[in-house]
Amino acid sequence: MPKTTNDNSKYFREWSTKKLKEEAISYDEIIHNSRCHGTKDISNWMGICLELEKRGIEIHTNIKFKR
């Protein structure tokens with residue numbers, strides 16, 4: 001039986017891979033390009049990244065420096 005997904009769940013493990021990728025990109029943008037983020041944003045981003053890695057998806061980030 002195929003695994004069902006629930007993109008409205010509070011558990012990342014129940015989200016579709018598509019939703020996880022979209023949210024990871026969104027949180028990455030908020031955390032690294034905005035001054036308006038909190039510890040909850042960082043925690044969510046890390047949890048999403050961990051779930052993606054569990055699914056065998058490699059995550060690549062770019063470090064940018066501003067002068």
# chains A, B, ... in the order shown; residues from 1 in each chain; ligands from 1

call {"tool": "residues_around", "arguments": {"residues": "Glu14 of chain A", "least_positions_apart": "3", "cutoff": "12 Å", "atoms": "only C-alpha atoms", "output": "VMD selection string"}}
result
chain A and resid 3 to 11 17 to 20 48 51 to 52 55

call {"tool": "select_by_dssp", "arguments": {"residues": "chain A", "states": "alpha helix (DSSP H)", "output": "PDB file with C-alpha atoms, in the first residue's frame"}}
result
ATOM      1  CA  THR A  17       8.343  15.581  -0.624  1.00  0.00           C
ATOM      2  CA  LYS A  18       7.117  18.441  -2.801  1.00  0.00           C
ATOM      3  CA  LYS A  19       5.760  20.318   0.245  1.00  0.00           C
ATOM      4  CA  LEU A  20       8.973  19.684   2.185  1.00  0.00           C
ATOM      5  CA  LYS A  21      11.095  21.089  -0.638  1.00  0.00           C
ATOM      6  CA  GLU A  22       8.892  24.176  -0.995  1.00  0.00           C
ATOM      7  CA  GLU A  23       8.974  24.860   2.735  1.00  0.00           C
ATOM      8  CA  ALA A  24      12.746  24.290   2.959  1.00  0.00           C
ATOM      9  CA  ILE A  25      13.306  26.884   0.234  1.00  0.00           C
ATOM     10  CA  SER A  26      10.918  29.308   1.927  1.00  0.00           C
ATOM     11  CA  TYR A  27      12.531  28.963   5.359  1.00  0.00           C
ATOM     12  CA  ASP A  28      16.012  29.227   3.861  1.00  0.00           C
ATOM     13  CA  GLU A  29      15.011  32.509   2.247  1.00  0.00           C
ATOM     14  CA  ILE A  30      13.537  33.851   5.495  1.00  0.00           C
ATOM     15  CA  ILE A  31      16.492  32.789   7.646  1.00  0.00           C
ATOM     16  CA  HIS A  32      19.304  33.871   5.359  1.00  0.00           C
ATOM     17  CA  ASN A  33      17.852  36.913   3.596  1.00  0.00           C
ATOM     18  CA  THR A  39      14.262  30.361  16.627  1.00  0.00           C
ATOM     19  CA  LYS A  40      11.060  28.553  15.602  1.00  0.00           C
ATOM     20  CA  ASP A  41      11.859  29.276  11.944  1.00  0.00           C
ATOM     21  CA  ILE A  42      15.339  27.814  12.351  1.00  0.00           C
ATOM     22  CA  SER A  43      13.983  24.772  14.192  1.00  0.00           C
ATOM     23  CA  ASN A  44      11.378  24.139  11.489  1.00  0.00           C
ATOM     24  CA  TRP A  45      13.967  24.533   8.713  1.00  0.00           C
ATOM     25  CA  MET A  46      16.285  22.042  10.401  1.00  0.00           C
ATOM     26  CA  GLY A  47      13.458  19.544  10.947  1.00  0.00           C
ATOM     27  CA  ILE A  48      12.391  19.798   7.315  1.00  0.00           C
ATOM     28  CA  CYS A  49      15.981  19.347   6.131  1.00  0.00           C
ATOM     29  CA  LEU A  50      16.380  16.263   8.329  1.00  0.00           C
ATOM     30  CA  GLU A  51      13.200  14.730   6.925  1.00  0.00           C
ATOM     31  CA  LEU A  52      14.381  15.378   3.365  1.00  0.00           C
ATOM     32  CA  GLU A  53      17.724  13.740   4.152  1.00  0.00           C
ATOM     33  CA  LYS A  54      15.896  10.707   5.594  1.00  0.00           C
TER      34      LYS A  54
END

call {"tool": "atom_distance", "arguments": {"atom1": "atom CA of Lys66 of chain A", "atom2": "atom CA of Arg35 of chain A"}}
result
14.1 Å

call {"tool": "decode", "arguments": {"residues": "segment 26-54 of chain A", "atoms": "N, CA and C atoms", "output": "PDB file, in the first residue's frame"}}
result
ATOM      1  N   SER A  26      11.531  28.139   1.302  1.00  0.00           N
ATOM      2  CA  SER A  26      10.918  29.308   1.927  1.00  0.00           C
ATOM      3  C   SER A  26      11.626  29.678   3.236  1.00  0.00           C
ATOM      4  N   TYR A  27      11.848  28.690   4.093  1.00  0.00           N
ATOM      5  CA  TYR A  27      12.531  28.963   5.359  1.00  0.00           C
ATOM      6  C   TYR A  27      13.962  29.410   5.131  1.00  0.00           C
ATOM      7  N   ASP A  28      14.646  28.826   4.162  1.00  0.00           N
ATOM      8  CA  ASP A  28      16.012  29.227   3.861  1.00  0.00           C
ATOM      9  C   ASP A  28      16.055  30.704   3.465  1.00  0.00           C
ATOM     10  N   GLU A  29      15.104  31.108   2.669  1.00  0.00           N
ATOM     11  CA  GLU A  29      15.011  32.509   2.247  1.00  0.00           C
ATOM     12  C   GLU A  29      14.771  33.423   3.453  1.00  0.00           C
ATOM     13  N   ILE A  30      13.856  33.043   4.308  1.00  0.00           N
ATOM     14  CA  ILE A  30      13.537  33.851   5.495  1.00  0.00           C
ATOM     15  C   ILE A  30      14.742  33.953   6.425  1.00  0.00           C
ATOM     16  N   ILE A  31      15.392  32.828   6.679  1.00  0.00           N
ATOM     17  CA  ILE A  31      16.492  32.789   7.646  1.00  0.00           C
ATOM     18  C   ILE A  31      17.718  33.525   7.130  1.00  0.00           C
ATOM     19  N   HIS A  32      18.047  33.335   5.870  1.00  0.00           N
ATOM     20  CA  HIS A  32      19.304  33.871   5.359  1.00  0.00           C
ATOM     21  C   HIS A  32      19.185  35.218   4.650  1.00  0.00           C
ATOM     22  N   ASN A  33      17.993  35.650   4.328  1.00  0.00           N
ATOM     23  CA  ASN A  33      17.852  36.913   3.596  1.00  0.00           C
ATOM     24  C   ASN A  33      16.905  37.897   4.260  1.00  0.00           C
ATOM     25  N   SER A  34      16.574  37.660   5.506  1.00  0.00           N
ATOM     26  CA  SER A  34      15.647  38.534   6.198  1.00  0.00           C
ATOM     27  C   SER A  34      16.117  38.726   7.632  1.00  0.00           C
ATOM     28  N   ARG A  35      15.841  39.867   8.163  1.00  0.00           N
ATOM     29  CA  ARG A  35      16.177  40.100   9.562  1.00  0.00           C
ATOM     30  C   ARG A  35      15.006  39.734  10.476  1.00  0.00           C
ATOM     31  N   CYS A  36      13.953  39.243   9.879  1.00  0.00           N
ATOM     32  CA  CYS A  36      12.728  38.975  10.619  1.00  0.00           C
ATOM     33  C   CYS A  36      12.465  37.473  10.696  1.00  0.00           C
ATOM     34  N   HIS A  37      13.232  36.779  11.526  1.00  0.00           N
ATOM     35  CA  HIS A  37      13.004  35.355  11.755  1.00  0.00           C
ATOM     36  C   HIS A  37      13.326  35.033  13.207  1.00  0.00           C
ATOM     37  N   GLY A  38      12.805  33.925  13.665  1.00  0.00           N
ATOM     38  CA  GLY A  38      13.023  33.537  15.050  1.00  0.00           C
ATOM     39  C   GLY A  38      13.559  32.129  15.165  1.00  0.00           C
ATOM     40  N   THR A  39      13.724  31.699  16.390  1.00  0.00           N
ATOM     41  CA  THR A  39      14.262  30.361  16.627  1.00  0.00           C
ATOM     42  C   THR A  39      13.322  29.278  16.110  1.00  0.00           C
ATOM     43  N   LYS A  40      12.031  29.526  16.120  1.00  0.00           N
ATOM     44  CA  LYS A  40      11.060  28.553  15.602  1.00  0.00           C
ATOM     45  C   LYS A  40      11.273  28.333  14.106  1.00  0.00           C
ATOM     46  N   ASP A  41      11.577  29.401  13.374  1.00  0.00           N
ATOM     47  CA  ASP A  41      11.859  29.276  11.944  1.00  0.00           C
ATOM     48  C   ASP A  41      13.076  28.392  11.706  1.00  0.00           C
ATOM     49  N   ILE A  42      14.119  28.604  12.494  1.00  0.00           N
ATOM     50  CA  ILE A  42      15.339  27.814  12.351  1.00  0.00           C
ATOM     51  C   ILE A  42      15.069  26.361  12.703  1.00  0.00           C
ATOM     52  N   SER A  43      14.325  26.131  13.770  1.00  0.00           N
ATOM     53  CA  SER A  43      13.983  24.772  14.192  1.00  0.00           C
ATOM     54  C   SER A  43      13.171  24.053  13.115  1.00  0.00           C
ATOM     55  N   ASN A  44      12.189  24.735  12.548  1.00  0.00           N
ATOM     56  CA  ASN A  44      11.378  24.139  11.489  1.00  0.00           C
ATOM     57  C   ASN A  44      12.228  23.812  10.265  1.00  0.00           C
ATOM     58  N   TRP A  45      13.095  24.742   9.868  1.00  0.00           N
ATOM     59  CA  TRP A  45      13.967  24.533   8.713  1.00  0.00           C
ATOM     60  C   TRP A  45      14.862  23.308   8.916  1.00  0.00           C
ATOM     61  N   MET A  46      15.418  23.186  10.114  1.00  0.00           N
ATOM     62  CA  MET A  46      16.285  22.042  10.401  1.00  0.00           C
ATOM     63  C   MET A  46      15.495  20.735  10.386  1.00  0.00           C
ATOM     64  N   GLY A  47      14.294  20.743  10.947  1.00  0.00           N
ATOM     65  CA  GLY A  47      13.458  19.544  10.947  1.00  0.00           C
ATOM     66  C   GLY A  47      13.063  19.116   9.548  1.00  0.00           C
ATOM     67  N   ILE A  48      12.746  20.079   8.711  1.00  0.00           N
ATOM     68  CA  ILE A  48      12.391  19.798   7.315  1.00  0.00           C
ATOM     69  C   ILE A  48      13.597  19.229   6.578  1.00  0.00           C
ATOM     70  N   CYS A  49      14.764  19.839   6.784  1.00  0.00           N
ATOM     71  CA  CYS A  49      15.981  19.347   6.131  1.00  0.00           C
ATOM     72  C   CYS A  49      16.308  17.922   6.572  1.00  0.00           C
ATOM     73  N   LEU A  50      16.137  17.627   7.832  1.00  0.00           N
ATOM     74  CA  LEU A  50      16.380  16.263   8.329  1.00  0.00           C
ATOM     75  C   LEU A  50      15.432  15.261   7.684  1.00  0.00           C
ATOM     76  N   GLU A  51      14.173  15.630   7.551  1.00  0.00           N
ATOM     77  CA  GLU A  51      13.200  14.730   6.925  1.00  0.00           C
ATOM     78  C   GLU A  51      13.551  14.502   5.453  1.00  0.00           C
ATOM     79  N   LEU A  52      13.972  15.538   4.756  1.00  0.00           N
ATOM     80  CA  LEU A  52      14.381  15.378   3.365  1.00  0.00           C
ATOM     81  C   LEU A  52      15.592  14.457   3.254  1.00  0.00           C
ATOM     82  N   GLU A  53      16.548  14.605   4.159  1.00  0.00           N
ATOM     83  CA  GLU A  53      17.724  13.740   4.152  1.00  0.00           C
ATOM     84  C   GLU A  53      17.341  12.285   4.431  1.00  0.00           C
ATOM     85  N   LYS A  54      16.386  12.062   5.333  1.00  0.00           N
ATOM     86  CA  LYS A  54      15.896  10.707   5.594  1.00  0.00           C
ATOM     87  C   LYS A  54      15.321  10.071   4.339  1.00  0.00           C
TER      88      LYS A  54
END
